[in-house]
Structure formats: C-alpha cells, structure tokens
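Report on the following structure.
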Amino acid sequence: MFKIDLLSNKKAMERFMLFQFTVVMITILLSYKMAFSLTHIIEQNIVYNMIYGILGFTVIYFLHELIHIVSFRIFSKGDKPTCQFKLGLLSTHMPNVYFKRWQYITIMLAPLVVITTLLFLLFSVYAYSSILFIISFHVGYCVLDMYFVTGALNSKVKLIEDTEDGILFYTEDNATYRTEVE
C-alpha cells in the first residue's frame with residue numbers, strides 16, 4: 001500500500017501549485033495558438049480575460065466537483081461521498097469504498113473530459129478569448145486529478161480508496177486482504 005497526500009507536505013504543495021500555474025500558462029499559449037489557426041478569436045483585453053476567466057472557473061470548479069460526486073456515486077453503487085472544505089477548496093472523498101483502477105481513473109478524468117469538451121463546443125460558437133482562459137484554468141486544476149491518476153497507473157495497484165487524509169493505493173497483497181474482509 002502507498003499513499004498520496006499533498007496537503008500534509010507544505011513544500012510539496014507549493015511546488016505542485018507552481019507546476020499548476022506553469023500548466024495554466026502553457027495551456028493559454030497553446031490554446032491561443034490552436035484557436036488562431038482554426039477560427040477568428042473575439043479578443044478581449046487581459047483584464048476582461050482574467051476577470052471572466054476567474055468567474056467562469058469558479059462556476060466550472062463546482063461543476064467539476066459535481067461530476068466527481070456523480071461519478072463516485074455511480075461506481076460505489078449509490079454510496080454518498082463526503083465533501084469538505086480543506087484549505088479553502090471543496091474536496092470530495094469516498095472513505096471505506098474501494099475502487100478498481102479503471103473505475104478510479106474514470107472518476108478522476110471525467111470532469112476533464114466532460115467540461116473541456118463542453119467549453120470547446122462553447123468556444124466553437126462564441127469565440128471569446130476569455131473562454132480560453134476558463135479552459136486553461138480548468139486544465140491547470142485538473143493536473144491534481146491527473147497526478148492521482150498516475151498513482152493508479154501503477155500496474156501493481158489493484159484497489160484505490162479516496163479518503164480525507166489522502167489517496168490510498170492498495171497493491172496486490174493488500175487488495176487480496178481487502179476483498180476477503182468485505
């Protein structure tokens with residue numbers, strides 16, 4: 001068994017947030033480059049992009065967590081996930097429920113796929129530059145989910161538990177024990 005818990009290590013959390021910021025900046029650059037090659041962008045100034053980007057991301061943030069909640073409920077066969085505010089962020093967890101690797105990966109990647117697809121469809125109709133900022137902020141936030149997915153991609157991981165204290169990855173030895181106990 002191994003555990004991922006970024007919130008307990010302040011230095012690791014600071015590095016991770018810097019990495020997320022870098023991903024946001026790169027995503028803004030690449031999305032502008034791609035959008036200019038595909039369509040005419042309705043350019044707004046940087047202040048509007050930032051204001052609309054942050055306000056839009058705030059709405060998207062709650063939609064992101066709602067998709068996690070729905071996914072957790074589907075794969076746990078109706079169990080209700082716990083939600084809590086930690087360091088000013090809403091987080092969703094399913095303690096005492098064990099997911100298979102493919103289920104957990106689906107739960108973690110569902111908001112990235114659904115929301116990014118919806119935002120790109122919205123951008124194809126309304127090509128405002130602030131939508132690119134919303135997309136970029138969301139992709140930066142999804143880096144945390146993708147980080148958890150990398151733990152699940154370990155071939156020895158069989159079961160995953162998402163707790164308030166971190167993500168627990170059970171390897172083959174622990175997974176056999178867990179399924180026998182339940």
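Residues are named by chain letter and number: chains run A, B, ... in the order of the structure tokens, numbers start at 1 in each chain, and ligands are numbered from 1 in the order shown.
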Check the DSSP output for the backbone and give back, as a PDB file with N, CA and C atoms, in the first residue's frame, the residues of chain A in strand (DSSP E).
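Final output, saved to part_27.pdb:
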ATOM      1  N   PHE A   2       0.491   2.240  -0.763  1.00  0.00           N
ATOM      2  CA  PHE A   2       1.143   3.535  -0.677  1.00  0.00           C
ATOM      3  C   PHE A   2       0.087   4.619  -0.713  1.00  0.00           C
ATOM      4  N   LYS A   3       0.486   5.814  -0.274  1.00  0.00           N
ATOM      5  CA  LYS A   3      -0.464   6.895  -0.066  1.00  0.00           C
ATOM      6  C   LYS A   3       0.046   8.165  -0.744  1.00  0.00           C
ATOM      7  N   ILE A   4      -0.878   8.917  -1.324  1.00  0.00           N
ATOM      8  CA  ILE A   4      -0.573  10.244  -1.855  1.00  0.00           C
ATOM      9  C   ILE A   4      -1.352  11.250  -1.017  1.00  0.00           C
ATOM     10  N   THR A  82     -18.329  12.038   0.773  1.00  0.00           N
ATOM     11  CA  THR A  82     -18.236  13.131   1.730  1.00  0.00           C
ATOM     12  C   THR A  82     -17.569  14.317   1.052  1.00  0.00           C
ATOM     13  N   CYS A  83     -18.073  15.489   1.360  1.00  0.00           N
ATOM     14  CA  CYS A  83     -17.499  16.723   0.820  1.00  0.00           C
ATOM     15  C   CYS A  83     -17.017  17.558   1.991  1.00  0.00           C
ATOM     16  N   GLN A  84     -15.864  18.180   1.820  1.00  0.00           N
ATOM     17  CA  GLN A  84     -15.344  19.039   2.876  1.00  0.00           C
ATOM     18  C   GLN A  84     -14.536  20.168   2.268  1.00  0.00           C
ATOM     19  N   PHE A  85     -14.443  21.258   3.022  1.00  0.00           N
ATOM     20  CA  PHE A  85     -13.582  22.362   2.620  1.00  0.00           C
ATOM     21  C   PHE A  85     -12.254  22.185   3.327  1.00  0.00           C
ATOM     22  N   LYS A  86     -11.187  22.140   2.537  1.00  0.00           N
ATOM     23  CA  LYS A  86      -9.845  21.995   3.082  1.00  0.00           C
ATOM     24  C   LYS A  86      -8.958  23.006   2.379  1.00  0.00           C
ATOM     25  N   LEU A  89     -10.653  24.924  -0.383  1.00  0.00           N
ATOM     26  CA  LEU A  89     -11.109  24.202  -1.565  1.00  0.00           C
ATOM     27  C   LEU A  89     -12.107  23.129  -1.162  1.00  0.00           C
ATOM     28  N   LEU A  90     -13.108  22.937  -1.989  1.00  0.00           N
ATOM     29  CA  LEU A  90     -14.064  21.859  -1.798  1.00  0.00           C
ATOM     30  C   LEU A  90     -13.434  20.573  -2.315  1.00  0.00           C
ATOM     31  N   SER A  91     -13.444  19.543  -1.509  1.00  0.00           N
ATOM     32  CA  SER A  91     -12.911  18.256  -1.982  1.00  0.00           C
ATOM     33  C   SER A  91     -13.925  17.160  -1.693  1.00  0.00           C
ATOM     34  N   THR A  92     -13.943  16.170  -2.551  1.00  0.00           N
ATOM     35  CA  THR A  92     -14.891  15.069  -2.474  1.00  0.00           C
ATOM     36  C   THR A  92     -14.123  13.781  -2.230  1.00  0.00           C
ATOM     37  N   HIS A  93     -14.593  12.976  -1.281  1.00  0.00           N
ATOM     38  CA  HIS A  93     -13.909  11.734  -0.923  1.00  0.00           C
ATOM     39  C   HIS A  93     -14.916  10.608  -0.721  1.00  0.00           C
ATOM     40  N   MET A  94     -14.408   9.371  -0.819  1.00  0.00           N
ATOM     41  CA  MET A  94     -15.226   8.177  -0.570  1.00  0.00           C
ATOM     42  C   MET A  94     -14.467   7.233   0.356  1.00  0.00           C
ATOM     43  N   PRO A  95     -14.370   7.564   1.651  1.00  0.00           N
ATOM     44  CA  PRO A  95     -13.669   6.653   2.559  1.00  0.00           C
ATOM     45  C   PRO A  95     -14.437   5.336   2.722  1.00  0.00           C
ATOM     46  N   ASN A  96     -13.687   4.274   2.928  1.00  0.00           N
ATOM     47  CA  ASN A  96     -14.224   2.934   3.139  1.00  0.00           C
ATOM     48  C   ASN A  96     -14.909   2.345   1.914  1.00  0.00           C
ATOM     49  N   VAL A  97     -14.658   2.921   0.746  1.00  0.00           N
ATOM     50  CA  VAL A  97     -15.141   2.366  -0.513  1.00  0.00           C
ATOM     51  C   VAL A  97     -13.916   2.151  -1.385  1.00  0.00           C
ATOM     52  N   TYR A  98     -13.792   0.962  -1.948  1.00  0.00           N
ATOM     53  CA  TYR A  98     -12.600   0.597  -2.707  1.00  0.00           C
ATOM     54  C   TYR A  98     -12.958   0.483  -4.185  1.00  0.00           C
ATOM     55  N   PHE A  99     -12.213   1.213  -5.005  1.00  0.00           N
ATOM     56  CA  PHE A  99     -12.462   1.243  -6.440  1.00  0.00           C
ATOM     57  C   PHE A  99     -11.381   0.466  -7.177  1.00  0.00           C
ATOM     58  N   LYS A 100     -11.792  -0.156  -8.273  1.00  0.00           N
ATOM     59  CA  LYS A 100     -10.819  -0.771  -9.165  1.00  0.00           C
ATOM     60  C   LYS A 100     -10.078   0.345  -9.889  1.00  0.00           C
ATOM     61  N   VAL A 157      -1.071  -1.763  -8.504  1.00  0.00           N
ATOM     62  CA  VAL A 157      -2.235  -1.251  -7.786  1.00  0.00           C
ATOM     63  C   VAL A 157      -3.471  -2.019  -8.232  1.00  0.00           C
ATOM     64  N   LYS A 158      -4.231  -2.504  -7.253  1.00  0.00           N
ATOM     65  CA  LYS A 158      -5.464  -3.245  -7.540  1.00  0.00           C
ATOM     66  C   LYS A 158      -6.713  -2.502  -7.060  1.00  0.00           C
ATOM     67  N   LEU A 159      -6.639  -1.886  -5.886  1.00  0.00           N
ATOM     68  CA  LEU A 159      -7.779  -1.151  -5.324  1.00  0.00           C
ATOM     69  C   LEU A 159      -7.325   0.221  -4.863  1.00  0.00           C
ATOM     70  N   ILE A 160      -8.260   1.185  -4.896  1.00  0.00           N
ATOM     71  CA  ILE A 160      -7.943   2.555  -4.505  1.00  0.00           C
ATOM     72  C   ILE A 160      -9.053   3.059  -3.590  1.00  0.00           C
ATOM     73  N   GLU A 161      -8.629   3.721  -2.514  1.00  0.00           N
ATOM     74  CA  GLU A 161      -9.566   4.328  -1.583  1.00  0.00           C
ATOM     75  C   GLU A 161      -9.244   5.813  -1.497  1.00  0.00           C
ATOM     76  N   ASP A 162     -10.241   6.647  -1.685  1.00  0.00           N
ATOM     77  CA  ASP A 162     -10.069   8.096  -1.636  1.00  0.00           C
ATOM     78  C   ASP A 162     -10.570   8.584  -0.279  1.00  0.00           C
ATOM     79  N   THR A 163      -9.654   8.900   0.634  1.00  0.00           N
ATOM     80  CA  THR A 163     -10.018   9.317   1.988  1.00  0.00           C
ATOM     81  C   THR A 163      -9.748  10.800   2.192  1.00  0.00           C
ATOM     82  N   GLY A 166      -5.950  11.441   2.248  1.00  0.00           N
ATOM     83  CA  GLY A 166      -5.166  11.204   1.042  1.00  0.00           C
ATOM     84  C   GLY A 166      -5.717  10.020   0.272  1.00  0.00           C
ATOM     85  N   ILE A 167      -5.048   9.705  -0.820  1.00  0.00           N
ATOM     86  CA  ILE A 167      -5.463   8.598  -1.673  1.00  0.00           C
ATOM     87  C   ILE A 167      -4.640   7.380  -1.284  1.00  0.00           C
ATOM     88  N   LEU A 168      -5.320   6.274  -0.971  1.00  0.00           N
ATOM     89  CA  LEU A 168      -4.635   5.034  -0.605  1.00  0.00           C
ATOM     90  C   LEU A 168      -4.684   4.081  -1.792  1.00  0.00           C
ATOM     91  N   PHE A 169      -3.509   3.645  -2.213  1.00  0.00           N
ATOM     92  CA  PHE A 169      -3.390   2.704  -3.320  1.00  0.00           C
ATOM     93  C   PHE A 169      -2.988   1.355  -2.741  1.00  0.00           C
ATOM     94  N   TYR A 170      -3.873   0.364  -2.896  1.00  0.00           N
ATOM     95  CA  TYR A 170      -3.600  -0.968  -2.367  1.00  0.00           C
ATOM     96  C   TYR A 170      -2.997  -1.825  -3.473  1.00  0.00           C
ATOM     97  N   THR A 171      -1.856  -2.430  -3.169  1.00  0.00           N
ATOM     98  CA  THR A 171      -1.183  -3.289  -4.142  1.00  0.00           C
ATOM     99  C   THR A 171      -1.793  -4.679  -4.081  1.00  0.00           C
TER     100      THR A 171
END
Notebook entry, point to check: Would you give me, as a ChimeraX atom specification, the residues in chain A that DSSP reads as alpha helix (DSSP H)?
Noted result: /A:10-38,46-75,101-125,129-152,172-181
Neighbour list for Ile46 (chain A) as an mmCIF file with all heavy atoms, in the first residue's frame, cut-off 10 Å, only C-alpha atoms, skip fewer than 6 positions in-chain:
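Saved file part-v1.cif follows:
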data_model
loop_
_atom_site.group_PDB
_atom_site.id
_atom_site.type_symbol
_atom_site.label_atom_id
_atom_site.label_comp_id
_atom_site.auth_asym_id
_atom_site.auth_seq_id
_atom_site.Cartn_x
_atom_site.Cartn_y
_atom_site.Cartn_z
ATOM 1 N N TYR A 52 -13.264 37.395 -16.356
ATOM 2 C CA TYR A 52 -14.188 36.382 -16.847
ATOM 3 C C TYR A 52 -13.618 34.982 -16.668
ATOM 4 O O TYR A 52 -14.356 34.031 -16.398
ATOM 5 C CB TYR A 52 -14.545 36.616 -18.315
ATOM 6 C CG TYR A 52 -15.371 37.851 -18.552
ATOM 7 C CD1 TYR A 52 -15.157 38.638 -19.678
ATOM 8 C CD2 TYR A 52 -16.372 38.240 -17.673
ATOM 9 C CE1 TYR A 52 -15.915 39.774 -19.915
ATOM 10 C CE2 TYR A 52 -17.123 39.371 -17.898
ATOM 11 C CZ TYR A 52 -16.892 40.137 -19.019
ATOM 12 O OH TYR A 52 -17.649 41.252 -19.238
ATOM 13 N N GLY A 53 -12.320 34.850 -16.822
ATOM 14 C CA GLY A 53 -11.679 33.550 -16.638
ATOM 15 C C GLY A 53 -11.833 33.043 -15.216
ATOM 16 O O GLY A 53 -12.179 31.882 -14.983
ATOM 17 N N SER A 129 -12.044 35.224 -26.204
ATOM 18 C CA SER A 129 -10.749 34.830 -25.659
ATOM 19 C C SER A 129 -10.838 34.441 -24.179
ATOM 20 O O SER A 129 -10.048 33.625 -23.708
ATOM 21 C CB SER A 129 -9.731 35.949 -25.845
ATOM 22 O OG SER A 129 -10.171 37.147 -25.234
ATOM 23 N N SER A 130 -11.809 34.966 -23.444
ATOM 24 C CA SER A 130 -11.933 34.620 -22.029
ATOM 25 C C SER A 130 -12.307 33.145 -21.841
ATOM 26 O O SER A 130 -11.971 32.549 -20.814
ATOM 27 C CB SER A 130 -12.959 35.512 -21.339
ATOM 28 O OG SER A 130 -14.207 35.431 -21.984
ATOM 29 N N PHE A 133 -9.245 31.258 -21.408
ATOM 30 C CA PHE A 133 -8.715 31.371 -20.052
ATOM 31 C C PHE A 133 -9.446 30.414 -19.108
ATOM 32 O O PHE A 133 -8.826 29.778 -18.253
ATOM 33 C CB PHE A 133 -8.823 32.812 -19.549
ATOM 34 C CG PHE A 133 -7.674 33.673 -19.976
ATOM 35 C CD1 PHE A 133 -7.518 34.040 -21.302
ATOM 36 C CD2 PHE A 133 -6.748 34.125 -19.058
ATOM 37 C CE1 PHE A 133 -6.463 34.826 -21.711
ATOM 38 C CE2 PHE A 133 -5.674 34.908 -19.441
ATOM 39 C CZ PHE A 133 -5.532 35.262 -20.780
#
Next item on the list: For CA of Ser31 (chain A) and CA of Ser136 (chain A), quote the distance in Å rounded to one decimal.
Entry: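 Going from CA of Ser31 (chain A) over to CA of Ser136 (chain A), I get 7.9 Å.
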Notebook entry, point to check: Neighbours of region 106-108 of chain A within 8 Å (only C-alpha atoms; same-chain residues fewer than 5 positions away dropped), as a list of chain:residue names?
Noted result: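 That gives A:His68, A:Ser71, A:Phe72, A:Asp145, A:Met146, A:Phe148, A:Val149.
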Using N, CA and C atoms, can you write the selected residues to a file as a compact mmCIF listing (two decimals), in the first residue's frame?
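What follows is the written file selection_11.txt:
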# COMPACT_ATOMS: atom_id res chain seq x y z
N HIS A 68 -17.43 14.74 -10.12
CA HIS A 68 -16.77 13.77 -9.25
C HIS A 68 -17.80 13.09 -8.32
N SER A 71 -19.89 10.67 -10.31
CA SER A 71 -19.06 9.51 -10.68
C SER A 71 -18.82 8.60 -9.49
N PHE A 72 -18.50 9.19 -8.35
CA PHE A 72 -18.31 8.38 -7.13
C PHE A 72 -19.58 7.59 -6.81
N ASP A 145 -6.00 15.98 -10.44
CA ASP A 145 -6.64 14.71 -10.76
C ASP A 145 -5.71 13.81 -11.57
N MET A 146 -5.00 14.42 -12.52
CA MET A 146 -4.08 13.63 -13.34
C MET A 146 -2.92 13.10 -12.49
N PHE A 148 -3.21 12.12 -9.39
CA PHE A 148 -3.76 10.93 -8.73
C PHE A 148 -3.88 9.76 -9.70
N VAL A 149 -4.18 10.06 -10.94
CA VAL A 149 -4.28 9.01 -11.96
C VAL A 149 -2.93 8.33 -12.16
Checklist line | Pick from A:Met17, A:Phe123, A:Gly151, A:Val70 nearest to Tyr32 (chain A), counting only C-alpha atoms | finding: A:Phe123
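CA of Ala127 (chain A) is found 10.5 Å from CA of Leu38 (chain A).
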Margin query: Taking 4 positions as the minimum chain separation for residues in the same chain, which residues sit within 10 Å of Val139 (chain A) when counting only C-alpha atoms? Answer as an MDAnalysis selection string.
Written below: chainID A and resid 20 23:24 27:28 111:113 115:116 133:135 143:146
